[in-house]
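For reference, run_4.cif is printed below; it contains mmCIF, C-alpha atoms and all ligand atoms.
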```cif
data_upload
loop_
_atom_site.label_atom_id
_atom_site.label_comp_id
_atom_site.auth_asym_id
_atom_site.auth_seq_id
_atom_site.Cartn_x
_atom_site.Cartn_y
_atom_site.Cartn_z
CA MET A 202 145.01 62.59 28.90
CA ARG A 203 146.63 62.65 25.53
CA SER A 204 149.86 60.76 25.26
CA VAL A 205 152.88 62.67 23.99
CA GLN A 206 153.88 59.94 21.56
CA ALA A 207 150.49 59.50 19.95
CA THR A 208 150.07 56.72 17.42
CA THR A 209 147.21 55.44 15.34
CA SER A 210 147.23 52.33 17.53
CA ASP A 211 145.83 54.51 20.33
CA PRO A 212 142.07 54.38 19.68
CA GLU A 213 141.50 57.43 21.87
CA TRP A 214 143.79 59.61 19.83
CA LEU A 215 142.32 62.14 17.46
CA PRO A 216 144.11 65.46 17.14
CA ASP A 217 141.94 68.56 16.98
CA THR A 218 142.02 70.82 13.93
CA LYS A 219 144.55 73.29 15.31
CA SER A 220 146.82 70.42 16.29
CA ARG A 221 146.62 69.02 12.75
CA TYR A 222 147.49 72.32 11.03
CA GLN A 223 150.33 72.97 13.46
CA GLY A 224 151.45 69.36 13.19
CA CYS A 225 151.55 69.37 9.40
CA LEU A 226 153.67 72.50 9.00
CA LEU A 227 155.82 72.19 12.13
CA GLY A 228 156.20 68.46 11.45
CA GLY A 229 157.49 69.21 7.96
CA ALA A 230 159.94 71.76 9.32
CA VAL A 231 161.17 69.34 11.99
CA GLY A 232 161.73 66.61 9.37
CA ASP A 233 163.55 69.16 7.20
CA ALA A 234 165.78 70.21 10.13
CA LEU A 235 166.51 66.58 11.08
CA GLY A 236 167.60 65.78 7.53
CA ALA A 237 169.49 69.01 6.87
CA PRO A 238 172.86 67.89 8.36
CA VAL A 239 172.91 64.77 6.15
CA GLU A 240 171.38 66.03 2.88
CA PHE A 241 174.61 65.39 1.00
CA THR A 242 175.92 62.49 3.13
CA SER A 243 175.92 58.85 1.99
CA PHE A 244 174.24 56.31 4.25
CA ALA A 245 177.63 54.71 4.94
CA ASN A 246 178.96 58.05 6.13
CA ILE A 247 175.80 58.74 8.18
CA ILE A 248 176.43 55.45 10.04
CA GLU A 249 180.07 56.32 10.52
CA GLN A 250 179.19 59.75 11.88
CA PHE A 251 176.09 59.00 13.98
CA GLY A 252 176.34 55.28 14.84
CA ALA A 253 174.65 52.10 13.64
CA ASN A 254 171.09 53.51 13.86
CA GLY A 255 171.96 56.56 11.82
CA ILE A 256 171.00 60.13 12.67
CA GLN A 257 168.36 60.12 15.43
CA ASP A 258 168.41 63.69 16.63
CA PHE A 259 169.06 67.27 15.54
CA ALA A 260 172.70 67.93 14.65
CA PRO A 261 174.37 71.16 13.54
CA ALA A 262 173.64 72.43 10.03
CA TYR A 263 174.05 75.95 8.65
CA GLY A 264 175.75 77.01 11.89
CA ARG A 265 173.00 76.02 14.32
CA ILE A 266 170.83 73.23 15.70
CA GLY A 267 167.34 72.89 14.21
CA ALA A 268 168.04 74.88 11.03
CA ILE A 269 165.29 74.72 8.44
CA THR A 270 166.17 74.69 4.73
CA ASP A 271 164.69 75.78 1.40
CA ASP A 272 161.96 73.12 1.75
CA THR A 273 160.41 74.86 4.74
CA GLN A 274 161.11 78.33 3.37
CA MET A 275 159.19 77.55 0.18
CA THR A 276 156.40 75.78 2.10
CA LEU A 277 155.90 78.99 4.09
CA PHE A 278 155.69 81.02 0.88
CA THR A 279 153.18 78.51 -0.54
CA ALA A 280 151.06 79.10 2.55
CA GLU A 281 151.52 82.87 2.32
CA GLY A 282 150.43 82.84 -1.31
CA LEU A 283 147.32 80.80 -0.50
CA VAL A 284 146.28 83.17 2.27
CA ARG A 285 146.91 86.22 0.08
CA ALA A 286 144.92 84.60 -2.74
CA HIS A 287 142.06 84.03 -0.31
CA VAL A 288 142.14 87.69 0.75
CA ARG A 289 142.18 88.77 -2.89
CA GLY A 290 139.35 86.43 -3.87
CA HIS A 291 137.22 87.72 -1.03
CA LEU A 292 137.80 91.42 -1.60
CA LYS A 293 138.16 91.62 -5.40
CA GLY A 294 136.00 88.66 -6.37
CA ILE A 295 138.44 87.45 -8.98
CA CYS A 296 141.63 85.57 -8.33
CA ASP A 297 143.93 82.99 -9.86
CA PRO A 298 145.54 81.41 -6.77
CA PRO A 299 148.58 79.93 -8.62
CA SER A 300 149.46 83.44 -9.86
CA VAL A 301 149.37 84.79 -6.31
CA VAL A 302 151.48 81.87 -5.06
CA HIS A 303 153.87 82.59 -7.94
CA GLY A 304 154.30 86.11 -6.55
CA ALA A 305 155.04 84.59 -3.13
CA TYR A 306 157.74 82.38 -4.67
CA LEU A 307 159.30 85.44 -6.29
CA ARG A 308 159.52 87.03 -2.83
CA TRP A 309 161.29 83.85 -1.73
CA LEU A 310 163.63 84.25 -4.73
CA ARG A 311 164.53 87.72 -3.46
CA THR A 312 165.39 86.27 -0.03
CA GLN A 313 167.87 84.08 -1.90
CA GLY A 314 169.53 87.18 -3.33
CA GLU A 315 168.07 86.82 -6.84
CA LYS A 316 165.45 88.50 -9.01
CA PRO A 317 163.16 87.62 -11.91
CA ALA A 318 165.00 89.64 -14.53
CA LYS A 319 162.45 89.03 -17.32
CA LEU A 320 159.35 90.10 -15.41
CA ASP A 321 157.97 93.44 -16.59
CA HIS A 322 157.08 94.67 -13.11
CA GLU A 323 158.58 94.66 -9.64
CA ILE A 324 157.33 92.13 -7.12
CA GLU A 325 156.00 93.81 -3.98
CA MET A 326 158.10 92.91 -0.98
CA ASP A 327 155.22 93.40 1.44
CA GLY A 328 153.31 91.25 3.89
CA TRP A 329 154.79 90.01 7.16
CA LEU A 330 156.48 86.82 6.01
CA VAL A 331 159.19 88.32 3.84
CA SER A 332 160.15 90.69 6.67
CA VAL A 333 161.30 87.74 8.80
CA SER A 334 165.06 88.19 8.65
CA THR A 335 165.91 84.52 9.25
CA LEU A 336 164.30 83.67 5.90
CA TRP A 337 166.95 85.74 4.11
CA ASN A 338 169.39 82.87 4.06
CA ARG A 339 170.37 80.43 1.34
CA ARG A 340 169.97 76.86 2.54
CA CYS A 341 171.02 74.94 -0.57
CA PRO A 342 168.01 76.00 -2.67
CA GLY A 343 167.10 73.71 -5.57
CA ASN A 344 168.52 74.77 -8.92
CA THR A 345 165.28 74.15 -10.82
CA CYS A 346 163.24 76.33 -8.48
CA LEU A 347 165.82 79.11 -8.70
CA SER A 348 166.22 79.02 -12.47
CA ALA A 349 162.49 78.70 -13.22
CA LEU A 350 161.66 81.62 -10.93
CA ARG A 351 164.53 83.70 -12.32
CA ASP A 352 163.10 83.13 -15.81
CA THR A 353 159.53 84.14 -14.89
CA ARG A 354 157.95 86.34 -17.54
CA GLN A 355 154.39 86.29 -16.30
CA LEU A 356 152.76 85.30 -13.03
CA GLY A 357 150.90 82.00 -13.28
CA GLN A 358 152.84 80.81 -16.31
CA ASN A 359 154.22 77.27 -16.35
CA ALA A 360 157.97 76.67 -16.28
CA GLY A 361 159.56 75.78 -19.58
CA ASN A 362 161.84 73.00 -18.28
CA LYS A 363 161.44 69.20 -18.12
CA SER A 364 162.51 68.79 -14.50
CA LYS A 365 160.90 66.44 -11.99
CA GLY A 366 163.05 67.43 -9.04
CA CYS A 367 161.46 67.08 -5.61
CA GLY A 368 161.12 70.87 -5.29
CA THR A 369 157.47 70.47 -6.26
CA VAL A 370 156.38 68.01 -3.62
CA MET A 371 158.48 69.30 -0.71
CA ARG A 372 156.74 72.71 -0.74
CA ILE A 373 153.13 71.74 -1.46
CA ALA A 374 151.68 70.65 1.91
CA PRO A 375 149.73 73.88 2.57
CA VAL A 376 147.58 73.21 -0.51
CA GLY A 377 146.51 69.91 1.06
CA LEU A 378 145.25 71.80 4.11
CA LEU A 379 142.60 73.64 2.09
CA ARG A 380 139.30 71.86 2.54
CA GLN A 381 138.00 72.31 -0.97
CA ASP A 382 137.48 70.54 -4.25
CA GLY A 383 140.20 70.75 -6.85
CA VAL A 384 143.15 70.44 -4.47
CA PHE A 385 144.91 67.99 -6.82
CA GLU A 386 144.63 70.41 -9.74
CA LEU A 387 145.63 73.45 -7.68
CA ALA A 388 148.74 71.69 -6.35
CA SER A 389 149.59 70.53 -9.87
CA ARG A 390 149.36 74.06 -11.25
CA ILE A 391 151.52 75.41 -8.43
CA ALA A 392 154.09 72.66 -9.04
CA ALA A 393 154.11 73.46 -12.77
CA LEU A 394 155.23 77.04 -12.01
CA THR A 395 158.74 75.66 -11.52
CA HIS A 396 158.83 72.09 -12.90
CA GLY A 397 157.71 70.88 -16.32
CA HIS A 398 157.83 67.07 -16.02
CA PRO A 399 154.46 65.37 -15.37
CA SER A 400 155.90 63.22 -12.56
CA GLY A 401 157.09 66.28 -10.66
CA ILE A 402 153.68 67.89 -11.07
CA LEU A 403 151.59 64.80 -10.28
CA ALA A 404 153.63 63.88 -7.19
CA ALA A 405 152.66 67.27 -5.76
CA GLY A 406 149.02 66.81 -6.76
CA PHE A 407 148.95 63.39 -5.13
CA LEU A 408 150.50 64.59 -1.86
CA ALA A 409 148.07 67.50 -1.60
CA GLU A 410 145.11 65.17 -2.22
CA LEU A 411 146.41 62.68 0.36
CA LEU A 412 146.80 65.42 2.97
CA LYS A 413 143.33 66.75 2.17
CA GLU A 414 141.77 63.36 2.89
CA ILE A 415 143.76 62.97 6.13
CA ASN A 416 142.70 66.47 7.16
CA LEU A 417 139.09 65.38 6.69
CA GLY A 418 139.69 62.77 9.40
CA ARG A 419 140.73 59.72 7.40
CA SER A 420 143.56 57.40 8.38
CA LEU A 421 146.54 57.02 6.07
CA SER A 422 145.27 53.64 4.85
CA GLU A 423 141.86 55.16 4.08
CA ALA A 424 143.29 58.26 2.40
CA LEU A 425 145.81 56.46 0.21
CA PRO A 426 143.40 54.72 -2.20
CA MET A 427 141.39 57.93 -2.54
CA ALA A 428 144.46 59.96 -3.51
CA LYS A 429 145.57 57.17 -5.85
CA ALA A 430 142.15 57.24 -7.55
CA SER A 431 142.63 60.95 -8.24
CA LEU A 432 146.13 60.30 -9.56
CA ILE A 433 144.98 57.57 -11.93
CA GLU A 434 142.54 60.00 -13.57
CA GLN A 435 145.51 62.08 -14.78
CA ASP A 436 147.52 61.55 -17.96
CA ASN A 437 151.12 60.38 -17.52
CA HIS A 438 150.54 58.99 -14.02
CA VAL A 439 152.32 55.64 -14.44
CA GLU A 440 155.71 56.65 -13.00
CA VAL A 441 154.30 58.30 -9.86
CA LEU A 442 151.83 55.47 -9.29
CA ALA A 443 154.63 52.90 -9.56
CA ALA A 444 156.70 54.80 -6.96
CA ILE A 445 153.72 54.91 -4.58
CA GLU A 446 153.10 51.19 -5.07
CA ARG A 447 156.77 50.41 -4.40
CA ALA A 448 156.43 52.20 -1.06
CA GLU A 449 153.23 50.32 -0.23
CA ALA A 450 154.75 46.93 -1.15
CA ALA A 451 157.91 47.57 0.86
CA ALA A 452 155.87 48.65 3.88
CA SER A 453 153.48 45.71 3.70
CA SER A 454 156.39 43.27 3.48
CA GLY A 455 157.98 44.97 6.52
CA ASP A 456 161.18 45.69 4.63
CA SER A 457 162.76 47.98 7.21
CA SER A 458 165.85 48.59 5.06
CA ALA A 459 163.88 49.87 2.05
CA VAL A 460 164.89 53.51 2.60
CA SER A 461 168.40 53.10 3.97
CA ALA A 462 169.35 50.61 1.23
CA GLY A 463 168.08 52.96 -1.46
CA LYS A 464 165.39 50.58 -2.76
CA LEU A 465 162.93 53.46 -3.23
CA GLY A 466 165.54 55.72 -4.80
CA GLU A 467 167.35 58.68 -3.28
CA GLY A 468 164.59 61.26 -3.27
CA TRP A 469 166.20 63.88 -5.51
CA ILE A 470 163.31 63.42 -7.92
CA ALA A 471 159.71 64.02 -6.91
CA GLU A 472 158.22 60.52 -7.12
CA GLU A 473 161.14 59.03 -5.18
CA ALA A 474 160.91 61.66 -2.43
CA LEU A 475 157.18 60.94 -2.19
CA SER A 476 157.82 57.19 -2.13
CA ILE A 477 160.42 57.40 0.68
CA ALA A 478 158.19 59.66 2.78
CA LEU A 479 155.14 57.49 2.21
CA PHE A 480 156.99 54.30 3.11
CA SER A 481 158.28 55.94 6.30
CA ALA A 482 154.76 57.00 7.30
CA LEU A 483 153.33 53.55 6.53
CA GLN A 484 156.14 51.63 8.23
CA GLU A 485 156.37 53.70 11.41
CA ARG A 486 153.06 54.74 12.96
CA ASN A 487 154.78 57.28 15.16
CA PHE A 488 156.01 60.76 14.20
CA GLU A 489 159.54 60.48 15.57
CA HIS A 490 160.26 57.02 14.14
CA ALA A 491 158.80 57.96 10.75
CA VAL A 492 160.95 61.05 10.22
CA VAL A 493 164.06 59.23 11.48
CA THR A 494 163.36 56.50 8.91
CA ALA A 495 162.77 59.12 6.20
CA VAL A 496 166.12 60.92 6.59
CA ASN A 497 168.50 57.96 6.95
CA HIS A 498 169.61 57.30 3.37
CA SER A 499 172.12 58.52 0.82
CA GLY A 500 169.84 61.00 -0.90
CA ASP A 501 167.85 64.19 -0.32
CA SER A 502 167.28 63.66 3.40
CA ASP A 503 165.83 67.06 4.28
CA SER A 504 163.15 66.86 1.59
CA THR A 505 162.13 63.28 2.41
CA GLY A 506 162.13 64.20 6.11
CA ALA A 507 159.99 67.26 5.39
CA ILE A 508 157.36 65.32 3.43
CA ALA A 509 157.20 62.50 6.00
CA GLY A 510 156.89 65.18 8.69
CA ASN A 511 154.01 66.87 6.83
CA ILE A 512 152.11 63.58 6.56
CA CYS A 513 152.73 62.32 10.10
CA GLY A 514 152.32 65.72 11.75
CA LEU A 515 148.90 66.01 10.13
CA LEU A 516 147.95 62.45 11.07
CA TYR A 517 149.02 62.56 14.70
CA GLY A 518 148.94 66.26 15.55
CA VAL A 519 151.56 68.63 16.92
CA GLU A 520 151.59 66.82 20.29
CA SER A 521 153.22 63.85 18.57
CA ILE A 522 156.32 65.91 17.69
CA PRO A 523 159.03 65.58 20.35
CA GLU A 524 159.32 68.82 22.32
CA ARG A 525 163.11 68.56 22.26
CA TRP A 526 162.83 69.15 18.49
CA LEU A 527 160.12 71.81 18.55
CA SER A 528 161.92 73.83 21.22
CA ARG A 529 165.08 74.10 19.10
CA LEU A 530 163.40 74.48 15.71
CA GLU A 531 164.33 77.61 13.79
CA MET A 532 161.29 79.83 13.05
CA ARG A 533 158.98 77.78 15.27
CA GLU A 534 156.84 80.83 16.09
CA GLU A 535 156.48 81.96 12.49
CA ILE A 536 155.66 78.48 11.21
CA GLY A 537 153.01 78.13 13.92
CA GLN A 538 151.62 81.55 12.99
CA ILE A 539 151.18 80.74 9.33
CA ALA A 540 149.58 77.37 10.20
CA ASP A 541 147.06 79.27 12.34
CA ASP A 542 146.38 81.75 9.53
CA LEU A 543 145.89 78.97 7.01
CA GLN A 544 143.44 77.28 9.36
CA ALA A 545 141.68 80.62 9.82
CA ILE A 546 141.03 81.08 6.09
CA VAL A 547 139.72 77.51 5.82
CA GLU A 548 137.38 78.00 8.77
CA GLY A 549 136.37 81.55 7.94
CA GLY A 550 138.08 82.85 11.06
CA LEU A 551 140.28 85.48 9.43
CA ASP A 552 138.94 89.04 9.56
CA ILE A 553 139.42 89.69 5.86
CA GLU A 554 138.27 93.29 5.97
CA SER A 555 140.62 94.42 8.73
CA GLU A 556 143.60 96.62 7.91
CA ASP A 557 145.79 94.34 9.94
CA THR A 558 144.93 91.38 7.70
CA TRP A 559 145.71 93.41 4.58
CA ARG A 560 149.04 94.50 6.05
CA LYS A 561 149.97 90.90 6.84
CA TYR A 562 148.54 89.40 3.65
CA PRO A 563 148.00 91.99 0.91
CA GLY A 564 145.60 90.57 -1.67
CA TYR A 565 147.91 90.26 -4.70
MG MG A 601 166.46 71.56 1.43
#
```
Translate the structure described by the file into structure tokens.
Amino acid sequence: MRSVQATTSDPEWLPDTKSRYQGCLLGGAVGDALGAPVEFTSFANIIEQFGANGIQDFAPAYGRIGAITDDTQMTLFTAEGLVRAHVRGHLKGICDPPSVVHGAYLRWLRTQGEKPAKLDHEIEMDGWLVSVSTLWNRRCPGNTCLSALRDTRQLGQNAGNKSKGCGTVMRIAPVGLLRQDGVFELASRIAALTHGHPSGILAAGFLAELLKEINLGRSLSEALPMAKASLIEQDNHVEVLAAIERAEAAASSGDSSAVSAGKLGEGWIAEEALSIALFSALQERNFEHAVVTAVNHSGDSDSTGAIAGNICGLLYGVESIPERWLSRLEMREEIGQIADDLQAIVEGGLDIESEDTWRKYPGY
């Protein structure tokens, strides 16, 4: 029988594909929800509020327990865009996936009460995701994502800013679940829709590549050098590579205070968020411990929790996520649904030609 708290030290443990897809997206949402109450709280104040071990469990944020934030909202729209791009590619034969994902992000922008004023056409508010009323809430959305999307003139066009905020890497996990070549480049192009700095873009490319290798059945220690090799092929990779290597060095020296003491940064910028999440996953070979480690610091706790949750949920499967978190997670059903649909397009299990599919995921 599978243990609930699966770890890589259990040689019998290998999550099945459904468990991995569910684990990656629900794990990210759980990490997001765990970090949400302390996103803007210093580590000293976290200790004061939650005790010497920091925050260990869901606490109220945005008026409820288990509230997801902009990180999960945007991750869902990334996934929606990828499925809609797949439908378009299949039925029309021609498709630029980043442009379709861009359209999905503009639907997210509308849920935040804003519009792309410079776009010469209206964005269709169709498909099932945007009709989920709980998404129509502002959960401290990132300024760069908002302003870049507001300024959109053309779908698929890169943002004109120089930002490397973590809004690239915290939303990119669904790209890593596509089993195809070019995941690094696709994630980079999707990141560049909102962020112009190479480190913001490459952190997203790296995470997607890492998740792709894990999804193919590799362990974290096997996947890491492969994703790093892809990173090193890119121009301007030095800053992101250094952040990854800081995480690896801290984990191999067993420096358990690396995150809480801020040694890997605060996670507001992409390479630091990646570094904190990666350290947490390397240090704690257990979903619960890894996301707890990832959120207990003075910085962007929901984003670092979300990324650590994406990595560890994919590694260990949905069964590794404590049920007390899943049962109180906002949008659990919808997140599970989109994970299933993403898996279906990868495995060819989605009935592309059915009217129901088109209604849920119109191909544009
Ligand atoms: Mg957030």
- Task: Would you list the contacts of stretch 413-425 of chain A as a PyMOL selection string, taking every protein, DNA or RNA residue within 6 Å and counting all atoms listed in the file, but skipping same-chain residues closer than 3 positions in sequence?
- Result: chain A and resi 377-378+410+428
- Task: Could you report the residues within 9 Å of ligand MG 601 (chain A), using only C-alpha atoms and all ligand atoms, as a PyMOL selection string?
- Result: chain A and resi 233-234+236-237+240+269-274+340-343+368+371+501-504+507
Please, could you write that set of residues out with C-alpha atoms as an mmCIF file, in the frame of the given file?
```
data_model
loop_
_atom_site.group_PDB
_atom_site.id
_atom_site.type_symbol
_atom_site.label_atom_id
_atom_site.label_comp_id
_atom_site.auth_asym_id
_atom_site.auth_seq_id
_atom_site.Cartn_x
_atom_site.Cartn_y
_atom_site.Cartn_z
ATOM 1 C CA ASP A 233 163.550 69.160 7.200
ATOM 2 C CA ALA A 234 165.780 70.210 10.130
ATOM 3 C CA GLY A 236 167.600 65.780 7.530
ATOM 4 C CA ALA A 237 169.490 69.010 6.870
ATOM 5 C CA GLU A 240 171.380 66.030 2.880
ATOM 6 C CA ILE A 269 165.290 74.720 8.440
ATOM 7 C CA THR A 270 166.170 74.690 4.730
ATOM 8 C CA ASP A 271 164.690 75.780 1.400
ATOM 9 C CA ASP A 272 161.960 73.120 1.750
ATOM 10 C CA THR A 273 160.410 74.860 4.740
ATOM 11 C CA GLN A 274 161.110 78.330 3.370
ATOM 12 C CA ARG A 340 169.970 76.860 2.540
ATOM 13 C CA CYS A 341 171.020 74.940 -0.570
ATOM 14 C CA PRO A 342 168.010 76.000 -2.670
ATOM 15 C CA GLY A 343 167.100 73.710 -5.570
ATOM 16 C CA GLY A 368 161.120 70.870 -5.290
ATOM 17 C CA MET A 371 158.480 69.300 -0.710
ATOM 18 C CA ASP A 501 167.850 64.190 -0.320
ATOM 19 C CA SER A 502 167.280 63.660 3.400
ATOM 20 C CA ASP A 503 165.830 67.060 4.280
ATOM 21 C CA SER A 504 163.150 66.860 1.590
ATOM 22 C CA ALA A 507 159.990 67.260 5.390
#
```
- Å distance separating atom CA of A:Arg486 from atom CA of A:Glu473, one decimal place: 20.3 Å
- Tell me, as a list of chain:residue names, which residues lie within 12 Å of A:Asp456, counting all atoms listed in the file; anything in the same chain fewer than 2 positions away does not count. A:Arg447, A:Ala448, A:Glu449, A:Ala450, A:Ala451, A:Ala452, A:Ser453, A:Ser454, A:Ser458, A:Ala459, A:Val460, A:Ser461, A:Ala462, A:Gly463, A:Lys464, A:Leu465, A:Phe480, A:Ser481, A:Leu483, A:Gln484, A:Glu485, A:Thr494
- Excluding same-chain residues fewer than 5 positions from A:Trp309, what lies within 12 Å of it counting all atoms listed in the file, as a ChimeraX atom specification? /A:271-279,281-282,302-304,314-317,324-327,330-340,342,346-347,350-351
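As for atom CA of A:Thr505 and atom CA of A:Val239, they are spaced 11.5 Å apart.
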- Message: Just the number, please: distance in Å from atom CA of A:Ala262 to atom CA of A:Ala280, one decimal.
- Response: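 Atom-to-atom, atom CA of A:Ala262 and atom CA of A:Ala280 are spaced 24.7 Å apart.
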- Message: Could you check which residues have any atom within 12 Å of (173.6, 69.1, 14.7), counting all atoms listed in the file with coordinates taken straight from the file, and then list them as a ChimeraX atom specification?
- Response: /A:234-239,250-251,256-269,526,529-530
